[in-house]
>>> print(open('model29.csv').read())   # CSV, C-alpha atoms
chain,number,residue,atom,x,y,z
A,944,MET,CA,67.3,32.3,-201.4
A,945,GLY,CA,70.7,33.2,-200.1
A,946,CYS,CA,69.3,36.3,-198.5
A,947,CYS,CA,66.6,34.3,-196.8
A,948,ASN,CA,69.2,31.8,-195.4
A,949,SER,CA,71.3,34.6,-194.1
A,950,ARG,CA,68.3,36.1,-192.3
A,951,LEU,CA,67.4,32.7,-190.7
A,952,GLU,CA,71.0,32.2,-189.7
A,953,LYS,CA,71.0,35.7,-188.0
A,954,ILE,CA,67.8,34.9,-186.2
A,955,GLY,CA,69.3,31.6,-185.0
A,956,ASN,CA,72.4,33.3,-183.8
A,957,ASN,CA,70.4,35.9,-181.9
A,958,LYS,CA,68.4,33.1,-180.2
A,959,VAL,CA,71.6,31.4,-179.1
A,960,LYS,CA,73.1,34.7,-177.9
A,961,ASN,CA,69.9,35.5,-175.9
A,962,SER,CA,69.9,32.0,-174.4
A,963,ILE,CA,73.5,32.4,-173.3
A,964,ASP,CA,72.8,35.9,-171.9
A,965,ALA,CA,69.8,34.5,-170.0
A,966,GLN,CA,71.9,31.7,-168.5
A,967,LEU,CA,74.7,34.1,-167.5
A,968,GLU,CA,72.1,36.4,-165.9
A,969,LEU,CA,70.6,33.4,-164.0
A,970,SER,CA,74.0,32.3,-162.8
A,971,SER,CA,74.9,35.8,-161.6
A,972,TYR,CA,71.8,35.8,-159.4
A,973,GLN,CA,72.5,32.3,-158.2
A,974,ASP,CA,76.0,33.4,-157.3
A,975,LYS,CA,74.5,36.1,-155.0
A,976,LEU,CA,73.2,33.2,-152.8
A,977,GLN,CA,76.6,31.4,-152.6
A,978,PHE,CA,79.0,32.3,-149.7
A,979,LYS,CA,82.4,31.0,-149.0
A,980,ILE,CA,83.5,30.4,-145.4
A,981,LEU,CA,87.2,29.6,-144.7
A,982,LEU,CA,88.3,27.7,-141.7
A,983,LEU,CA,91.8,28.7,-140.6
A,984,GLY,CA,94.1,27.9,-137.7
A,985,SER,CA,97.3,26.2,-136.7
A,986,GLY,CA,97.5,22.4,-136.4
A,987,GLU,CA,95.3,20.8,-133.8
A,988,SER,CA,93.4,24.0,-133.2
A,989,GLY,CA,90.1,22.1,-133.7
A,990,LYS,CA,89.1,23.3,-137.2
A,991,SER,CA,88.0,19.9,-138.3
A,992,THR,CA,86.1,19.4,-135.1
A,993,VAL,CA,84.3,22.6,-135.7
A,994,LEU,CA,83.5,21.4,-139.2
A,995,LYS,CA,82.2,18.0,-137.9
A,996,GLY,CA,80.0,20.0,-135.5
A,997,ILE,CA,78.6,22.1,-138.3
A,998,LYS,CA,77.7,18.9,-140.2
A,999,ILE,CA,76.0,17.4,-137.2
A,1000,ILE,CA,73.8,20.4,-136.4
A,1001,ASN,CA,72.9,20.7,-140.1
A,1002,LYS,CA,71.9,17.0,-140.1
A,1003,ILE,CA,74.5,16.0,-142.7
A,1004,GLN,CA,74.7,12.3,-142.1
A,1005,MET,CA,77.9,10.3,-142.1
A,1006,THR,CA,78.2,7.5,-144.6
A,1007,ASP,CA,79.1,3.9,-143.5
A,1008,GLN,CA,82.6,4.4,-144.9
A,1009,GLU,CA,83.0,7.7,-142.9
A,1010,LEU,CA,81.9,5.8,-139.7
A,1011,LEU,CA,84.4,3.1,-140.4
A,1012,ASP,CA,87.1,5.7,-141.0
A,1013,VAL,CA,86.3,7.3,-137.6
A,1014,ALA,CA,86.5,4.0,-135.8
A,1015,ASN,CA,89.9,3.3,-137.4
A,1016,SER,CA,91.1,6.8,-136.6
A,1017,LEU,CA,90.2,6.4,-132.9
A,1018,ARG,CA,92.1,3.2,-132.8
A,1019,ARG,CA,95.1,4.8,-134.4
A,1020,ASN,CA,94.8,7.8,-132.0
A,1021,VAL,CA,94.9,5.7,-128.9
A,1022,VAL,CA,97.9,3.6,-130.0
A,1023,GLN,CA,99.7,6.7,-131.1
A,1024,CYS,CA,99.1,8.4,-127.8
A,1025,MET,CA,100.2,5.4,-125.8
A,1026,ASN,CA,103.4,5.1,-127.8
A,1027,VAL,CA,104.2,8.8,-127.1
A,1028,LEU,CA,103.9,8.0,-123.4
A,1029,ILE,CA,106.1,4.8,-123.8
A,1030,GLU,CA,108.7,6.9,-125.7
A,1031,HIS,CA,108.9,9.4,-122.9
A,1032,VAL,CA,109.3,6.7,-120.2
A,1033,ALA,CA,112.9,6.3,-121.6
A,1034,ILE,CA,113.4,10.0,-122.3
A,1035,PHE,CA,112.6,10.9,-118.7
A,1036,GLY,CA,114.7,8.1,-117.3
A,1037,TYR,CA,111.9,6.1,-115.7
A,1038,GLU,CA,111.7,2.4,-115.2
A,1039,VAL,CA,108.5,0.4,-115.5
A,1040,PRO,CA,107.8,-3.0,-113.9
A,1041,ALA,CA,109.4,-5.9,-115.8
A,1042,GLU,CA,106.0,-7.4,-116.6
A,1043,LEU,CA,105.0,-4.3,-118.5
A,1044,LYS,CA,108.0,-4.2,-120.8
A,1045,PRO,CA,106.7,-6.9,-123.3
A,1046,LYS,CA,103.4,-5.0,-123.5
A,1047,MET,CA,105.2,-1.8,-124.3
A,1048,ASP,CA,107.3,-3.6,-127.0
A,1049,HIS,CA,104.2,-5.1,-128.5
A,1050,LEU,CA,102.4,-1.7,-128.8
A,1051,VAL,CA,105.5,0.0,-130.3
A,1052,LYS,CA,105.5,-2.5,-133.1
A,1053,LEU,CA,101.9,-1.9,-134.1
A,1054,ASN,CA,101.1,-0.2,-137.3
A,1055,ASP,CA,99.3,2.8,-135.7
A,1056,GLY,CA,96.4,0.7,-134.6
A,1057,THR,CA,94.9,-0.4,-137.9
A,1058,GLU,CA,91.9,-2.8,-137.7
A,1059,ASP,CA,94.0,-5.9,-137.9
A,1060,ASP,CA,96.4,-4.8,-135.2
A,1061,PHE,CA,93.8,-3.6,-132.8
A,1062,THR,CA,93.3,-6.9,-131.1
A,1063,THR,CA,91.8,-7.7,-127.7
A,1064,GLU,CA,95.4,-8.2,-126.5
A,1065,ALA,CA,96.4,-4.7,-127.7
A,1066,VAL,CA,93.4,-3.2,-125.8
A,1067,ASP,CA,94.3,-5.1,-122.6
A,1068,TYR,CA,97.9,-3.9,-122.9
A,1069,ILE,CA,96.9,-0.2,-123.3
A,1070,MET,CA,94.5,-0.5,-120.4
A,1071,ALA,CA,97.2,-2.0,-118.2
A,1072,LEU,CA,99.8,0.6,-119.1
A,1073,TRP,CA,97.3,3.5,-118.6
A,1074,LYS,CA,96.8,2.4,-115.0
A,1075,ASP,CA,100.5,2.1,-114.3
A,1076,GLU,CA,102.1,4.6,-111.9
A,1077,VAL,CA,105.1,5.3,-114.2
A,1078,ILE,CA,102.9,6.0,-117.2
A,1079,GLN,CA,100.9,8.4,-115.1
A,1080,LYS,CA,104.1,10.2,-114.1
A,1081,VAL,CA,104.9,10.6,-117.8
A,1082,TRP,CA,101.3,11.8,-118.4
A,1083,ALA,CA,101.6,14.4,-115.7
A,1084,ARG,CA,104.5,16.0,-117.6
A,1085,ARG,CA,102.7,16.2,-120.9
A,1086,LYS,CA,103.2,19.9,-121.3
A,1087,GLU,CA,106.9,19.0,-122.0
A,1088,TYR,CA,106.1,17.1,-125.2
A,1089,TRP,CA,103.5,16.7,-127.9
A,1090,ILE,CA,100.5,14.5,-127.4
A,1091,LEU,CA,96.9,14.8,-128.7
A,1092,ASP,CA,94.7,16.9,-126.5
A,1093,SER,CA,92.0,14.2,-126.4
A,1094,ALA,CA,94.4,11.4,-125.3
A,1095,GLU,CA,92.6,10.9,-122.0
A,1096,TYR,CA,89.3,10.4,-123.8
A,1097,TYR,CA,90.9,7.7,-126.0
A,1098,PHE,CA,92.4,5.9,-123.0
A,1099,ASN,CA,89.2,6.0,-121.1
A,1100,ASN,CA,87.2,4.5,-124.0
A,1101,VAL,CA,89.8,2.1,-125.5
A,1102,GLU,CA,87.9,-1.0,-124.3
A,1103,ARG,CA,84.8,0.2,-126.3
A,1104,PHE,CA,86.9,1.0,-129.3
A,1105,GLY,CA,88.1,-2.6,-129.4
A,1106,GLN,CA,84.7,-4.2,-129.5
A,1107,ASP,CA,83.9,-6.1,-132.7
A,1108,ASP,CA,80.6,-4.3,-133.1
A,1109,PHE,CA,82.0,-0.9,-132.2
A,1110,LYS,CA,80.0,1.9,-134.0
A,1111,PRO,CA,81.2,5.5,-133.3
A,1112,THR,CA,78.9,7.9,-131.5
A,1113,GLU,CA,78.5,11.6,-132.4
A,1114,GLU,CA,80.9,12.4,-129.6
A,1115,ASP,CA,83.4,9.8,-130.9
A,1116,ALA,CA,83.2,11.3,-134.4
A,1117,VAL,CA,84.0,14.8,-133.0
A,1118,MET,CA,86.8,13.5,-130.8
A,1119,ALA,CA,88.6,11.5,-133.5
A,1120,ARG,CA,91.7,13.2,-134.7
A,1121,VAL,CA,92.6,12.9,-138.4
A,1122,MET,CA,95.3,15.3,-139.7
A,1123,THR,CA,93.7,17.4,-142.4
A,1124,THR,CA,95.6,17.3,-145.7
A,1125,GLY,CA,94.6,19.1,-148.8
A,1126,ILE,CA,91.4,21.1,-149.1
A,1127,ILE,CA,88.1,19.8,-147.8
A,1128,THR,CA,84.8,21.6,-148.9
A,1129,THR,CA,81.5,20.9,-147.3
A,1130,GLU,CA,78.3,22.4,-148.7
A,1131,VAL,CA,75.7,23.5,-146.2
A,1132,LYS,CA,72.3,25.0,-147.1
A,1133,SER,CA,70.3,27.5,-145.1
A,1134,GLY,CA,67.1,28.1,-147.0
A,1135,PRO,CA,68.0,29.4,-150.4
A,1136,VAL,CA,71.5,30.4,-149.2
A,1137,GLN,CA,74.4,28.0,-149.8
A,1138,PHE,CA,77.6,28.0,-147.8
A,1139,SER,CA,80.8,26.4,-148.9
A,1140,VAL,CA,82.8,25.7,-145.7
A,1141,ILE,CA,86.4,25.1,-146.6
A,1142,ASP,CA,88.8,23.3,-144.2
A,1143,VAL,CA,92.5,23.3,-145.0
A,1144,GLY,CA,95.3,21.6,-143.1
A,1145,GLY,CA,96.8,23.7,-140.3
A,1146,GLN,CA,100.3,22.1,-140.1
A,1147,ARG,CA,103.1,24.2,-141.5
A,1148,ASN,CA,103.6,22.0,-144.6
A,1149,GLU,CA,99.9,22.3,-145.5
A,1150,ARG,CA,99.7,26.1,-145.3
A,1151,ARG,CA,101.2,26.7,-148.7
A,1152,LYS,CA,97.8,25.4,-150.0
A,1153,TRP,CA,95.9,28.2,-148.3
A,1154,ILE,CA,96.6,30.6,-151.2
A,1155,HIS,CA,94.3,28.5,-153.4
A,1156,THR,CA,91.3,29.1,-151.1
A,1157,MET,CA,91.7,32.9,-150.3
A,1158,ASP,CA,89.8,34.5,-153.2
A,1159,ASN,CA,86.1,35.6,-152.8
A,1160,CYS,CA,86.0,34.7,-149.2
A,1161,SER,CA,82.8,36.0,-147.4
A,1162,LEU,CA,84.0,35.2,-143.8
A,1163,ILE,CA,86.9,33.6,-142.0
A,1164,VAL,CA,86.5,31.4,-139.0
A,1165,TYR,CA,89.9,31.4,-137.2
A,1166,VAL,CA,90.1,28.6,-134.5
A,1167,VAL,CA,92.5,29.0,-131.5
A,1168,ASN,CA,93.4,26.2,-129.2
A,1169,LEU,CA,93.3,27.8,-125.8
A,1170,ALA,CA,94.7,24.7,-124.2
A,1171,GLY,CA,97.9,25.1,-126.3
A,1172,TYR,CA,99.3,27.8,-124.2
A,1173,ASN,CA,101.5,25.4,-122.3
A,1174,SER,CA,102.2,22.7,-125.0
A,1175,VAL,CA,104.3,22.3,-128.1
A,1176,LEU,CA,103.6,21.7,-131.8
A,1177,PHE,CA,103.5,18.3,-133.4
A,1178,GLU,CA,105.8,19.4,-136.2
A,1179,ASP,CA,108.2,21.4,-134.1
A,1180,GLN,CA,108.5,20.5,-130.4
A,1181,THR,CA,110.6,23.6,-129.7
A,1182,GLN,CA,107.7,25.9,-130.6
A,1183,ASN,CA,104.8,26.7,-128.2
A,1184,ARG,CA,101.4,26.1,-129.8
A,1185,MET,CA,99.9,29.5,-128.7
A,1186,VAL,CA,102.9,31.4,-130.0
A,1187,GLU,CA,102.5,29.7,-133.4
A,1188,CYS,CA,98.7,30.4,-133.3
A,1189,LEU,CA,99.1,34.1,-132.5
A,1190,THR,CA,101.8,34.6,-135.1
A,1191,LEU,CA,99.7,32.9,-137.7
A,1192,PHE,CA,96.6,35.0,-136.8
A,1193,GLN,CA,98.7,38.2,-137.1
A,1194,GLN,CA,99.7,37.2,-140.6
A,1195,GLN,CA,96.2,36.3,-141.8
A,1196,VAL,CA,94.2,39.2,-140.2
A,1197,ASN,CA,96.6,41.7,-141.8
A,1198,ASN,CA,96.7,40.0,-145.2
A,1199,PRO,CA,95.6,42.7,-147.7
A,1200,LEU,CA,93.3,40.1,-149.3
A,1201,PHE,CA,91.3,40.0,-146.0
A,1202,ALA,CA,91.4,43.7,-145.1
A,1203,THR,CA,87.6,44.0,-145.1
A,1204,THR,CA,86.8,40.3,-144.4
A,1205,PRO,CA,84.9,39.5,-141.1
A,1206,PHE,CA,86.8,37.3,-138.7
A,1207,PHE,CA,85.0,35.0,-136.3
A,1208,VAL,CA,87.6,33.9,-133.8
A,1209,LEU,CA,86.7,30.8,-131.9
A,1210,PHE,CA,88.7,30.4,-128.7
A,1211,ASN,CA,88.4,26.6,-128.6
A,1212,LYS,CA,88.9,24.0,-125.9
A,1213,LYS,CA,87.8,26.3,-123.1
A,1214,ASP,CA,87.1,23.3,-120.9
A,1215,LEU,CA,90.6,22.0,-121.2
A,1216,PHE,CA,91.9,25.6,-120.7
A,1217,GLU,CA,89.9,26.0,-117.5
A,1218,ALA,CA,91.3,22.8,-116.1
A,1219,LYS,CA,94.9,23.6,-117.0
A,1220,ILE,CA,95.0,27.1,-115.6
A,1221,ARG,CA,94.3,25.7,-112.1
A,1222,GLU,CA,97.7,24.1,-112.1
A,1223,ASP,CA,99.7,26.0,-114.7
A,1224,PRO,CA,99.3,29.8,-115.0
A,1225,ILE,CA,99.1,31.3,-118.5
A,1226,THR,CA,102.4,33.1,-117.8
A,1227,THR,CA,103.9,29.8,-118.8
A,1228,CYS,CA,103.2,30.8,-122.4
A,1229,PRO,CA,106.0,33.0,-123.9
A,1230,CYS,CA,103.5,35.4,-125.3
A,1231,PHE,CA,101.6,35.8,-122.0
A,1232,THR,CA,104.4,36.6,-119.6
A,1233,ASP,CA,103.1,40.1,-119.1
A,1234,TYR,CA,99.9,38.8,-117.5
A,1235,THR,CA,99.3,40.1,-114.0
A,1236,GLY,CA,95.7,39.3,-113.4
A,1237,SER,CA,93.8,37.1,-110.9
A,1238,GLY,CA,94.2,33.8,-112.8
A,1239,GLU,CA,90.5,33.3,-112.9
A,1240,LEU,CA,89.0,31.9,-116.1
A,1241,ARG,CA,87.1,35.1,-117.2
A,1242,ASP,CA,90.2,37.3,-116.5
A,1243,CYS,CA,92.5,34.9,-118.4
A,1244,LEU,CA,90.1,34.7,-121.4
A,1245,THR,CA,89.8,38.5,-121.6
A,1246,PHE,CA,93.6,38.8,-121.5
A,1247,VAL,CA,94.1,36.3,-124.3
A,1248,GLU,CA,91.3,37.8,-126.4
A,1249,ASN,CA,93.0,41.3,-126.1
A,1250,LYS,CA,96.3,39.8,-127.2
A,1251,PHE,CA,94.6,38.7,-130.4
A,1252,ARG,CA,92.9,42.0,-130.9
A,1253,GLU,CA,96.3,43.8,-130.6
A,1254,GLN,CA,97.5,41.9,-133.7
A,1255,ILE,CA,95.1,43.8,-136.0
A,1256,LYS,CA,97.0,46.5,-137.9
A,1257,LEU,CA,95.0,46.5,-141.1
A,1258,GLY,CA,91.3,47.2,-141.5
A,1259,SER,CA,88.7,47.8,-138.9
A,1260,PRO,CA,89.1,46.0,-135.6
A,1261,ASP,CA,85.3,45.8,-135.5
A,1262,ARG,CA,85.4,43.0,-138.1
A,1263,LEU,CA,86.5,40.7,-135.3
A,1264,LYS,CA,83.9,38.7,-133.3
A,1265,VAL,CA,85.0,36.3,-130.6
A,1266,PHE,CA,83.5,33.1,-129.1
A,1267,HIS,CA,84.7,31.0,-126.2
A,1268,ILE,CA,83.7,27.4,-127.1
A,1269,ALA,CA,84.4,23.7,-126.6
A,1270,ALA,CA,84.0,22.5,-130.2
A,1271,ARG,CA,83.0,19.0,-129.0
A,1272,LEU,CA,79.8,20.5,-127.6
A,1273,LYS,CA,77.0,20.7,-130.1
A,1274,GLN,CA,75.3,23.7,-128.4
A,1275,ASP,CA,78.5,25.8,-128.7
A,1276,ILE,CA,78.8,25.1,-132.4
A,1277,ARG,CA,75.1,25.8,-132.9
A,1278,GLU,CA,75.4,29.2,-131.4
A,1279,VAL,CA,78.4,30.1,-133.6
A,1280,TRP,CA,76.8,28.8,-136.7
A,1281,GLU,CA,73.5,30.6,-136.1
A,1282,GLU,CA,75.3,33.8,-135.5
A,1283,LEU,CA,77.5,33.3,-138.6
A,1284,VAL,CA,74.4,32.7,-140.8
A,1285,GLN,CA,72.7,35.7,-139.4
A,1286,HIS,CA,75.8,37.9,-140.0
A,1287,ILE,CA,76.0,36.8,-143.6
A,1288,ARG,CA,72.2,37.3,-144.2
A,1289,THR,CA,72.3,40.8,-142.6
A,1290,THR,CA,75.5,42.0,-144.3
A,1291,HIS,CA,74.4,40.8,-147.7
A,1292,LYS,CA,70.6,41.3,-147.3
A,1293,LYS,CA,70.2,43.5,-150.4
A,1294,ASP,CA,71.9,41.1,-152.7
A,1295,ILE,CA,70.2,38.1,-151.2
A,1296,ASP,CA,66.7,39.7,-151.4
A,1297,THR,CA,67.3,40.8,-155.0
A,1298,ALA,CA,68.5,37.3,-156.0
A,1299,ILE,CA,65.6,35.6,-154.3
A,1300,LYS,CA,63.0,37.9,-156.0
A,1301,TYR,CA,64.6,37.3,-159.5
A,1302,LEU,CA,64.9,33.5,-159.0
A,1303,GLU,CA,61.3,33.2,-157.8
A,1304,LYS,CA,60.1,35.1,-160.8
A,1305,GLN,CA,62.1,32.7,-163.1
A,1306,GLY,CA,60.5,29.8,-161.3
A,1307,VAL,CA,63.9,28.6,-160.1
A,1308,LEU,CA,62.9,29.1,-156.4
A,1309,GLU,CA,59.6,28.4,-154.8
A,1310,PRO,CA,58.4,31.4,-152.7
A,1311,SER,CA,58.5,29.3,-149.5
A,1312,SER,CA,62.2,28.6,-150.0
A,1313,ALA,CA,63.2,32.1,-149.2
A,1314,LYS,CA,62.3,31.7,-145.5
>>> encode(input="model29.csv", output="structure tokens")
Amino acid sequence: MGCCNSRLEKIGNNKVKNSIDAQLELSSYQDKLQFKILLLGSGESGKSTVLKGIKIINKIQMTDQELLDVANSLRRNVVQCMNVLIEHVAIFGYEVPAELKPKMDHLVKLNDGTEDDFTTEAVDYIMALWKDEVIQKVWARRKEYWILDSAEYYFNNVERFGQDDFKPTEEDAVMARVMTTGIITTEVKSGPVQFSVIDVGGQRNERRKWIHTMDNCSLIVYVVNLAGYNSVLFEDQTQNRMVECLTLFQQQVNNPLFATTPFFVLFNKKDLFEAKIREDPITTCPCFTDYTGSGELRDCLTFVENKFREQIKLGSPDRLKVFHIAARLKQDIREVWEELVQHIRTTHKKDIDTAIKYLEKQGVLEPSSAK
């Protein structure tokens, strides 16, 4: 009797072991269809805008709460930007008309434009100040201080932001600026292949968190703010944005963890860059003082691109692929995303095909899902 029980126990244990082994094997094949994409870049490079664009082209709908958050973010953005201009009226020693001073005082006291503060009165004050000659003089000197790149968009749309029934458009969602804190993961499917797109804060105090995202990375998307060549950081107004961005890229592309990792470098805000270089040459930037070209857009882009390529000291320079984009444009993001997906599928074709074949055989995937 004891011998029989022992035999039954052994059979039961083998079944459990076989079941566990089967589950582990299944998981290992499912893992071959999982890819991790890391979004890196310095603060205000446009990483989060790129992520929003990826969600839009993949038809990942925003929830009602997310739309409300976007609306409140836009209101905070416009109040914050106007208060930056107001602050620099005094710094630059300008005087505004007496009738505008109460309006300025009112806006300075607002709590960053929360829903309760963003009244019709506040909207009217912002519109009046934006039209003022002195505020426009301060605006013309914006390369001397920090202000959000999309400030003009906020000012031009502030009346709409203040409407009771305001519902953000796709463009509003892309243009809204919310400082990324922590680690944000977005899951995107492309057939049977699953992408985990990870966005981490780009400000200096957020970068210590990057170490937690660096393992098993399939591809890095590094976002560069082209328009930052003649402006300063939010967190350090003595540091040029492009200098910070180039230094950070040099650190990451030569990180031993990424020695064989493909880099997609997105030179973002090309529209703002094109407008800026008509008035301010790229030699304004401390890391571009050796530029001697024509000053035309294509020539400037090539020069900047080569500066980034020169930073690669570890691994093959062929792992770098560049794009010139405006992240607010859906088509630009679509082109980047389609090329990224194709790159992953081509590079990992053998593993992907093997996994699909196995999972189809197990009935986990339908044959049509492999397309």
>>> residues_around(input="model29.csv", residues="range 975-988 of chain A", least_positions_apart="5", cutoff="9 Å", atoms="only C-alpha atoms", output="mmCIF file with C-alpha atoms, keeping the file's coordinate frame")
data_model
loop_
_atom_site.group_PDB
_atom_site.id
_atom_site.type_symbol
_atom_site.label_atom_id
_atom_site.label_comp_id
_atom_site.auth_asym_id
_atom_site.auth_seq_id
_atom_site.Cartn_x
_atom_site.Cartn_y
_atom_site.Cartn_z
ATOM 1 C CA SER A 970 74.000 32.300 -162.800
ATOM 2 C CA VAL A 993 84.300 22.600 -135.700
ATOM 3 C CA LEU A 994 83.500 21.400 -139.200
ATOM 4 C CA LEU A 1091 96.900 14.800 -128.700
ATOM 5 C CA ASP A 1092 94.700 16.900 -126.500
ATOM 6 C CA ARG A 1120 91.700 13.200 -134.700
ATOM 7 C CA MET A 1122 95.300 15.300 -139.700
ATOM 8 C CA THR A 1123 93.700 17.400 -142.400
ATOM 9 C CA PRO A 1135 68.000 29.400 -150.400
ATOM 10 C CA VAL A 1136 71.500 30.400 -149.200
ATOM 11 C CA GLN A 1137 74.400 28.000 -149.800
ATOM 12 C CA PHE A 1138 77.600 28.000 -147.800
ATOM 13 C CA SER A 1139 80.800 26.400 -148.900
ATOM 14 C CA VAL A 1140 82.800 25.700 -145.700
ATOM 15 C CA ILE A 1141 86.400 25.100 -146.600
ATOM 16 C CA ASP A 1142 88.800 23.300 -144.200
ATOM 17 C CA VAL A 1143 92.500 23.300 -145.000
ATOM 18 C CA GLY A 1144 95.300 21.600 -143.100
ATOM 19 C CA GLY A 1145 96.800 23.700 -140.300
ATOM 20 C CA GLN A 1146 100.300 22.100 -140.100
ATOM 21 C CA ARG A 1147 103.100 24.200 -141.500
ATOM 22 C CA ARG A 1150 99.700 26.100 -145.300
ATOM 23 C CA TRP A 1153 95.900 28.200 -148.300
ATOM 24 C CA THR A 1156 91.300 29.100 -151.100
ATOM 25 C CA MET A 1157 91.700 32.900 -150.300
ATOM 26 C CA ASN A 1159 86.100 35.600 -152.800
ATOM 27 C CA CYS A 1160 86.000 34.700 -149.200
ATOM 28 C CA SER A 1161 82.800 36.000 -147.400
ATOM 29 C CA LEU A 1162 84.000 35.200 -143.800
ATOM 30 C CA ILE A 1163 86.900 33.600 -142.000
ATOM 31 C CA VAL A 1164 86.500 31.400 -139.000
ATOM 32 C CA TYR A 1165 89.900 31.400 -137.200
ATOM 33 C CA VAL A 1166 90.100 28.600 -134.500
ATOM 34 C CA VAL A 1167 92.500 29.000 -131.500
ATOM 35 C CA ASN A 1168 93.400 26.200 -129.200
ATOM 36 C CA LEU A 1169 93.300 27.800 -125.800
ATOM 37 C CA GLY A 1171 97.900 25.100 -126.300
ATOM 38 C CA LEU A 1176 103.600 21.700 -131.800
ATOM 39 C CA PHE A 1177 103.500 18.300 -133.400
ATOM 40 C CA GLU A 1178 105.800 19.400 -136.200
ATOM 41 C CA ARG A 1184 101.400 26.100 -129.800
ATOM 42 C CA GLU A 1187 102.500 29.700 -133.400
ATOM 43 C CA CYS A 1188 98.700 30.400 -133.300
ATOM 44 C CA LEU A 1191 99.700 32.900 -137.700
ATOM 45 C CA PHE A 1192 96.600 35.000 -136.800
ATOM 46 C CA GLN A 1195 96.200 36.300 -141.800
ATOM 47 C CA ASN A 1211 88.400 26.600 -128.600
ATOM 48 C CA LYS A 1212 88.900 24.000 -125.900
ATOM 49 C CA ILE A 1287 76.000 36.800 -143.600
ATOM 50 C CA HIS A 1291 74.400 40.800 -147.700
ATOM 51 C CA ASP A 1294 71.900 41.100 -152.700
ATOM 52 C CA ILE A 1295 70.200 38.100 -151.200
ATOM 53 C CA THR A 1297 67.300 40.800 -155.000
ATOM 54 C CA ALA A 1298 68.500 37.300 -156.000
ATOM 55 C CA ILE A 1299 65.600 35.600 -154.300
#
>>> atom_distance(input="model29.csv", atom1="CA of Gln1023 in chain A", atom2="CA of Leu1053 in chain A")
9.4 Å
>>> residues_around(input="model29.csv", residues="range 1044-1052 of chain A", least_positions_apart="5", cutoff="10 Å", atoms="all atoms listed in the file", output="ChimeraX atom specification")
/A:1022-1023,1025-1030,1038-1039,1060-1061,1064-1069,1071-1072
>>> atom_distance(input="model29.csv", atom1="CA of Thr1204 in chain A", atom2="CA of Arg1262 in chain A")
7.0 Å
>>> residues_around(input="model29.csv", residues="Lys1273 in chain A", least_positions_apart="4", cutoff="9 Å", atoms="all atoms listed in the file", output="mmCIF file with C-alpha atoms, keeping the file's coordinate frame")
data_model
loop_
_atom_site.group_PDB
_atom_site.id
_atom_site.type_symbol
_atom_site.label_atom_id
_atom_site.label_comp_id
_atom_site.auth_asym_id
_atom_site.auth_seq_id
_atom_site.Cartn_x
_atom_site.Cartn_y
_atom_site.Cartn_z
ATOM 1 C CA GLY A 996 80.000 20.000 -135.500
ATOM 2 C CA ILE A 997 78.600 22.100 -138.300
ATOM 3 C CA ILE A 999 76.000 17.400 -137.200
ATOM 4 C CA ILE A 1000 73.800 20.400 -136.400
ATOM 5 C CA ALA A 1269 84.400 23.700 -126.600
ATOM 6 C CA ARG A 1277 75.100 25.800 -132.900
ATOM 7 C CA GLU A 1278 75.400 29.200 -131.400
#
>>> atom_distance(input="model29.csv", atom1="CA of Glu1222 in chain A", atom2="CA of Val1021 in chain A")
25.1 Å
>>> closest_residue(input="model29.csv", among="A:Leu1189, A:Ala1119, A:Leu1011, A:Ile1003", to="Glu1253 in chain A", atoms="all atoms listed in the file")
A:Leu1189
>>> decode(input="model29.csv", residues="range 1177-1186 of chain A", atoms="N, CA and C atoms", output="mmCIF file, in the first residue's frame")
data_model
loop_
_atom_site.group_PDB
_atom_site.id
_atom_site.type_symbol
_atom_site.label_atom_id
_atom_site.label_comp_id
_atom_site.auth_asym_id
_atom_site.auth_seq_id
_atom_site.Cartn_x
_atom_site.Cartn_y
_atom_site.Cartn_z
ATOM 1 N N PHE A 1177 15.648 74.611 -18.191
ATOM 2 C CA PHE A 1177 14.725 75.003 -17.130
ATOM 3 C C PHE A 1177 15.419 74.928 -15.775
ATOM 4 N N GLU A 1178 16.172 73.830 -15.539
ATOM 5 C CA GLU A 1178 16.752 73.588 -14.225
ATOM 6 C C GLU A 1178 18.099 74.284 -14.009
ATOM 7 N N ASP A 1179 18.678 74.830 -15.065
ATOM 8 C CA ASP A 1179 19.967 75.517 -14.955
ATOM 9 C C ASP A 1179 20.069 76.544 -16.079
ATOM 10 N N GLN A 1180 19.722 77.780 -15.779
ATOM 11 C CA GLN A 1180 19.644 78.798 -16.821
ATOM 12 C C GLN A 1180 21.008 79.373 -17.197
ATOM 13 N N THR A 1181 22.065 78.697 -16.720
ATOM 14 C CA THR A 1181 23.410 79.033 -17.204
ATOM 15 C C THR A 1181 23.884 78.022 -18.249
ATOM 16 N N GLN A 1182 23.096 76.968 -18.464
ATOM 17 C CA GLN A 1182 23.515 75.896 -19.364
ATOM 18 C C GLN A 1182 22.685 75.893 -20.644
ATOM 19 N N ASN A 1183 23.390 75.919 -21.771
ATOM 20 C CA ASN A 1183 22.734 75.837 -23.077
ATOM 21 C C ASN A 1183 22.083 74.467 -23.261
ATOM 22 N N ARG A 1184 20.875 74.439 -23.813
ATOM 23 C CA ARG A 1184 20.137 73.181 -23.962
ATOM 24 C C ARG A 1184 20.854 72.189 -24.889
ATOM 25 N N MET A 1185 21.400 72.680 -25.983
ATOM 26 C CA MET A 1185 22.043 71.773 -26.934
ATOM 27 C C MET A 1185 23.331 71.193 -26.358
ATOM 28 N N VAL A 1186 24.065 71.987 -25.611
ATOM 29 C CA VAL A 1186 25.279 71.484 -24.961
ATOM 30 C C VAL A 1186 24.917 70.346 -24.015
#
